[in-house]
Amino acid sequence: MELVAVESYNHPIDAYLAKGRLEVEGVPVFLANEHHVWMNWSYAQALGGMQLKVSPQHFTDAQKILKMHNQGEYEHLLNEIFPEIDTKNCPNCNANSYVSKFPLHRIFFTLVSLAISVVLLSKRTLHTCQQCNQKWKD
Ligand SMILES: [Zn+2]
């Protein structure tokens, strides 16, 4: 049976998380190029990344599940099972779908730290809510 690539990843951890989600949802998955990427990470781009492949009859379901996975739709289930896990929600609309960025000043501090051999730490990360566009740091 021919398998169809439903998604590809450059980072193995992302690929394993998506693979695990599909398997939990009952979709059989094959992870292609896995060992090539582990052996030589720079091959990931040339090979098209680690590819999640499914049978054609599972392709549509896999796309829907991965879309929900990428949007954080399953995070509330995790919070119901493990309520003690500290999750971050938007302080404005309480949505849990947001994007985190490495602030530019952290890059500057890192470069200055390297130049003067003194550690300058800035731990704050900038988050942007995908629902209301609110920005906050923590
Ligand atoms: Zn928000």
# chains A, B, ... in the order shown; residues from 1 in each chain; ligands from 1
>>> closest_atom_pairs(of="chain A", to="ligand 1", cutoff="8 Å", atoms="only C-alpha atoms and all ligand atoms", output="tab-separated table")
residue	atom	partner	partner_atom_place_in_ligand_line	distance
A:Asn89	CA	ligand 1	1 (Zn)	7.8
A:Cys90	CA	ligand 1	1 (Zn)	4.6
A:Pro91	CA	ligand 1	1 (Zn)	6.6
A:Asn92	CA	ligand 1	1 (Zn)	5.0
A:Cys93	CA	ligand 1	1 (Zn)	4.1
A:Asn94	CA	ligand 1	1 (Zn)	5.9
A:Ala95	CA	ligand 1	1 (Zn)	5.4
A:Asn96	CA	ligand 1	1 (Zn)	7.9
A:Tyr98	CA	ligand 1	1 (Zn)	7.9
A:Thr128	CA	ligand 1	1 (Zn)	7.9
A:Cys129	CA	ligand 1	1 (Zn)	4.6
A:Gln130	CA	ligand 1	1 (Zn)	6.6
A:Gln131	CA	ligand 1	1 (Zn)	5.0
A:Cys132	CA	ligand 1	1 (Zn)	4.1
A:Asn133	CA	ligand 1	1 (Zn)	5.9
A:Gln134	CA	ligand 1	1 (Zn)	5.3
>>> residues_around(residues="Arg124 in chain A", least_positions_apart="5", cutoff="9 Å", atoms="only C-alpha atoms", output="PDB file with C-alpha atoms, in the first residue's frame")
ATOM      1  CA  PHE A 102      12.403  34.906  21.598  1.00  0.00           C
ATOM      2  CA  PRO A 103      12.666  38.688  22.117  1.00  0.00           C
ATOM      3  CA  ARG A 106      17.607  38.493  24.462  1.00  0.00           C
ATOM      4  CA  LYS A 137       5.625  38.656  28.773  1.00  0.00           C
ATOM      5  CA  ASP A 138       6.503  36.125  31.406  1.00  0.00           C
TER       6      ASP A 138
END
>>> residues_around(residues="Val37 in chain A", least_positions_apart="4", cutoff="8 Å", atoms="only C-alpha atoms", output="JSON, numbers by chain")
{"A": [12, 33, 41, 42, 43, 44, 49, 50]}
>>> write_last_selection(atoms="C-alpha atoms", output="PDB file, in the first residue's frame")
ATOM      1  CA  PRO A  12      12.248  15.131  15.590  1.00  0.00           C
ATOM      2  CA  ASN A  33      13.399   9.774   7.028  1.00  0.00           C
ATOM      3  CA  TRP A  41      20.501  16.572  11.071  1.00  0.00           C
ATOM      4  CA  SER A  42      21.531  18.741   8.115  1.00  0.00           C
ATOM      5  CA  TYR A  43      19.922  16.172   5.799  1.00  0.00           C
ATOM      6  CA  ALA A  44      16.505  17.112   7.173  1.00  0.00           C
ATOM      7  CA  GLY A  49      12.155  16.678   6.832  1.00  0.00           C
ATOM      8  CA  MET A  50      10.775  13.800   8.820  1.00  0.00           C
TER       9      MET A  50
END
>>> select_by_dssp(residues="range 50-119 of chain A", states="helix (DSSP H, G or I)", output="ChimeraX atom specification")
/A:56-70,75-81,104-116
>>> write_last_selection(atoms="C-alpha atoms", output="mmCIF file, in the first residue's frame")
data_model
loop_
_atom_site.group_PDB
_atom_site.id
_atom_site.type_symbol
_atom_site.label_atom_id
_atom_site.label_comp_id
_atom_site.auth_asym_id
_atom_site.auth_seq_id
_atom_site.Cartn_x
_atom_site.Cartn_y
_atom_site.Cartn_z
ATOM 1 C CA PRO A 56 -4.842 7.359 1.758
ATOM 2 C CA GLN A 57 -8.024 6.416 3.639
ATOM 3 C CA HIS A 58 -6.694 8.088 6.817
ATOM 4 C CA PHE A 59 -5.327 11.186 5.078
ATOM 5 C CA THR A 60 -8.313 13.507 5.665
ATOM 6 C CA ASP A 61 -8.709 12.472 9.306
ATOM 7 C CA ALA A 62 -4.974 12.898 9.859
ATOM 8 C CA GLN A 63 -5.070 16.416 8.404
ATOM 9 C CA LYS A 64 -7.945 17.405 10.709
ATOM 10 C CA ILE A 65 -6.256 15.925 13.775
ATOM 11 C CA LEU A 66 -2.921 17.597 12.995
ATOM 12 C CA LYS A 67 -4.642 20.929 12.411
ATOM 13 C CA MET A 68 -6.296 20.658 15.829
ATOM 14 C CA HIS A 69 -2.990 19.495 17.324
ATOM 15 C CA ASN A 70 -1.132 22.486 15.854
ATOM 16 C CA GLU A 75 -4.276 21.147 25.420
ATOM 17 C CA HIS A 76 -7.503 21.494 27.392
ATOM 18 C CA LEU A 77 -7.750 17.692 27.526
ATOM 19 C CA LEU A 78 -4.280 17.584 29.019
ATOM 20 C CA ASN A 79 -5.310 20.205 31.566
ATOM 21 C CA GLU A 80 -8.377 18.152 32.536
ATOM 22 C CA ILE A 81 -6.244 15.072 33.126
ATOM 23 C CA LEU A 104 15.310 40.524 20.110
ATOM 24 C CA HIS A 105 16.826 42.026 23.244
ATOM 25 C CA ARG A 106 17.607 38.493 24.462
ATOM 26 C CA ILE A 107 19.679 37.951 21.335
ATOM 27 C CA PHE A 108 21.430 41.254 22.020
ATOM 28 C CA PHE A 109 22.098 40.251 25.655
ATOM 29 C CA THR A 110 23.432 36.900 24.508
ATOM 30 C CA LEU A 111 25.831 38.535 22.046
ATOM 31 C CA VAL A 112 26.968 41.083 24.637
ATOM 32 C CA SER A 113 27.436 38.262 27.140
ATOM 33 C CA LEU A 114 29.690 36.458 24.699
ATOM 34 C CA ALA A 115 31.637 39.637 23.926
ATOM 35 C CA ILE A 116 32.333 40.662 27.518
#
>>> closest_residue(among="A:Pro83, A:Leu52, A:Trp136, A:Ser100", to="Glu23 in chain A", atoms="only C-alpha atoms")
A:Leu52
>>> decode(residues="chain A", atoms="C-alpha atoms", output="compact mmCIF listing (two decimals), in the first residue's frame")
# COMPACT_ATOMS: atom_id res chain seq x y z
CA MET A 1 0.00 0.00 0.00
CA GLU A 2 1.25 3.43 -0.90
CA LEU A 3 1.51 5.89 1.96
CA VAL A 4 0.84 9.61 1.66
CA ALA A 5 2.81 12.33 3.47
CA VAL A 6 0.44 14.33 5.61
CA GLU A 7 3.02 16.60 7.29
CA SER A 8 6.78 17.02 7.55
CA TYR A 9 8.94 18.25 10.40
CA ASN A 10 12.52 19.43 10.70
CA HIS A 11 12.63 18.74 14.43
CA PRO A 12 12.25 15.13 15.59
CA ILE A 13 10.40 16.05 18.78
CA ASP A 14 7.68 17.84 16.82
CA ALA A 15 7.37 14.81 14.57
CA TYR A 16 7.09 12.41 17.51
CA LEU A 17 4.45 14.57 19.22
CA ALA A 18 2.34 14.65 16.05
CA LYS A 19 2.87 10.92 15.50
CA GLY A 20 1.76 10.20 19.05
CA ARG A 21 -1.36 12.32 18.64
CA LEU A 22 -2.34 10.52 15.44
CA GLU A 23 -1.76 7.11 17.00
CA VAL A 24 -3.85 8.02 20.05
CA GLU A 25 -6.64 9.05 17.69
CA GLY A 26 -6.45 5.66 15.97
CA VAL A 27 -4.58 6.68 12.81
CA PRO A 28 -1.71 4.32 11.90
CA VAL A 29 1.38 6.40 11.08
CA PHE A 30 4.78 5.77 9.56
CA LEU A 31 7.58 8.26 10.17
CA ALA A 32 9.79 8.48 7.06
CA ASN A 33 13.40 9.77 7.03
CA GLU A 34 13.54 9.45 10.79
CA HIS A 35 16.91 7.73 10.95
CA HIS A 36 18.48 9.90 8.26
CA VAL A 37 17.65 13.01 10.25
CA TRP A 38 18.99 11.49 13.47
CA MET A 39 22.21 10.42 11.73
CA ASN A 40 22.84 13.79 10.10
CA TRP A 41 20.50 16.57 11.07
CA SER A 42 21.53 18.74 8.12
CA TYR A 43 19.92 16.17 5.80
CA ALA A 44 16.51 17.11 7.17
CA GLN A 45 16.03 19.98 4.73
CA ALA A 46 17.34 18.04 1.76
CA LEU A 47 15.01 15.10 2.45
CA GLY A 48 11.97 17.25 3.09
CA GLY A 49 12.15 16.68 6.83
CA MET A 50 10.78 13.80 8.82
CA GLN A 51 7.56 12.94 7.05
CA LEU A 52 4.46 11.61 8.74
CA LYS A 53 2.90 9.21 6.29
CA VAL A 54 -0.54 7.65 6.48
CA SER A 55 -2.64 5.46 4.25
CA PRO A 56 -4.84 7.36 1.76
CA GLN A 57 -8.02 6.42 3.64
CA HIS A 58 -6.69 8.09 6.82
CA PHE A 59 -5.33 11.19 5.08
CA THR A 60 -8.31 13.51 5.67
CA ASP A 61 -8.71 12.47 9.31
CA ALA A 62 -4.97 12.90 9.86
CA GLN A 63 -5.07 16.42 8.40
CA LYS A 64 -7.94 17.40 10.71
CA ILE A 65 -6.26 15.93 13.78
CA LEU A 66 -2.92 17.60 12.99
CA LYS A 67 -4.64 20.93 12.41
CA MET A 68 -6.30 20.66 15.83
CA HIS A 69 -2.99 19.50 17.32
CA ASN A 70 -1.13 22.49 15.85
CA GLN A 71 -3.81 24.90 17.10
CA GLY A 72 -3.56 23.54 20.64
CA GLU A 73 -7.06 22.04 20.65
CA TYR A 74 -5.91 19.08 22.71
CA GLU A 75 -4.28 21.15 25.42
CA HIS A 76 -7.50 21.49 27.39
CA LEU A 77 -7.75 17.69 27.53
CA LEU A 78 -4.28 17.58 29.02
CA ASN A 79 -5.31 20.20 31.57
CA GLU A 80 -8.38 18.15 32.54
CA ILE A 81 -6.24 15.07 33.13
CA PHE A 82 -3.36 16.95 34.77
CA PRO A 83 -4.85 20.10 36.30
CA GLU A 84 -1.70 20.76 38.27
CA ILE A 85 0.22 21.54 35.09
CA ASP A 86 0.67 25.27 34.85
CA THR A 87 -0.65 26.45 31.54
CA LYS A 88 -0.56 29.96 30.24
CA ASN A 89 -3.67 31.67 28.99
CA CYS A 90 -4.11 35.04 27.42
CA PRO A 91 -4.59 37.64 30.17
CA ASN A 92 -7.14 39.45 27.98
CA CYS A 93 -9.44 36.73 26.58
CA ASN A 94 -8.21 33.62 28.47
CA ALA A 95 -7.55 31.74 25.21
CA ASN A 96 -4.79 29.16 25.36
CA SER A 97 -3.65 29.49 21.75
CA TYR A 98 -0.70 31.83 21.51
CA VAL A 99 2.69 32.15 19.85
CA SER A 100 5.84 32.64 21.90
CA LYS A 101 8.83 34.54 20.57
CA PHE A 102 12.40 34.91 21.60
CA PRO A 103 12.67 38.69 22.12
CA LEU A 104 15.31 40.52 20.11
CA HIS A 105 16.83 42.03 23.24
CA ARG A 106 17.61 38.49 24.46
CA ILE A 107 19.68 37.95 21.34
CA PHE A 108 21.43 41.25 22.02
CA PHE A 109 22.10 40.25 25.65
CA THR A 110 23.43 36.90 24.51
CA LEU A 111 25.83 38.54 22.05
CA VAL A 112 26.97 41.08 24.64
CA SER A 113 27.44 38.26 27.14
CA LEU A 114 29.69 36.46 24.70
CA ALA A 115 31.64 39.64 23.93
CA ILE A 116 32.33 40.66 27.52
CA SER A 117 32.35 37.17 29.05
CA VAL A 118 29.74 38.15 31.64
CA VAL A 119 26.41 36.39 31.78
CA LEU A 120 23.49 38.77 31.22
CA LEU A 121 20.23 36.87 31.56
CA SER A 122 16.87 37.92 30.31
CA LYS A 123 14.30 35.20 30.94
CA ARG A 124 11.20 36.97 29.72
CA THR A 125 9.46 35.54 26.68
CA LEU A 126 7.03 37.50 24.53
CA HIS A 127 3.69 35.78 23.88
CA THR A 128 1.08 36.87 21.33
CA CYS A 129 -2.51 35.64 21.59
CA GLN A 130 -3.83 34.13 18.36
CA GLN A 131 -7.41 35.07 19.27
CA CYS A 132 -7.21 38.74 20.29
CA ASN A 133 -3.58 39.64 19.42
CA GLN A 134 -2.83 40.62 23.03
CA LYS A 135 0.91 40.61 23.83
CA TRP A 136 2.36 39.75 27.23
CA LYS A 137 5.63 38.66 28.77
CA ASP A 138 6.50 36.13 31.41
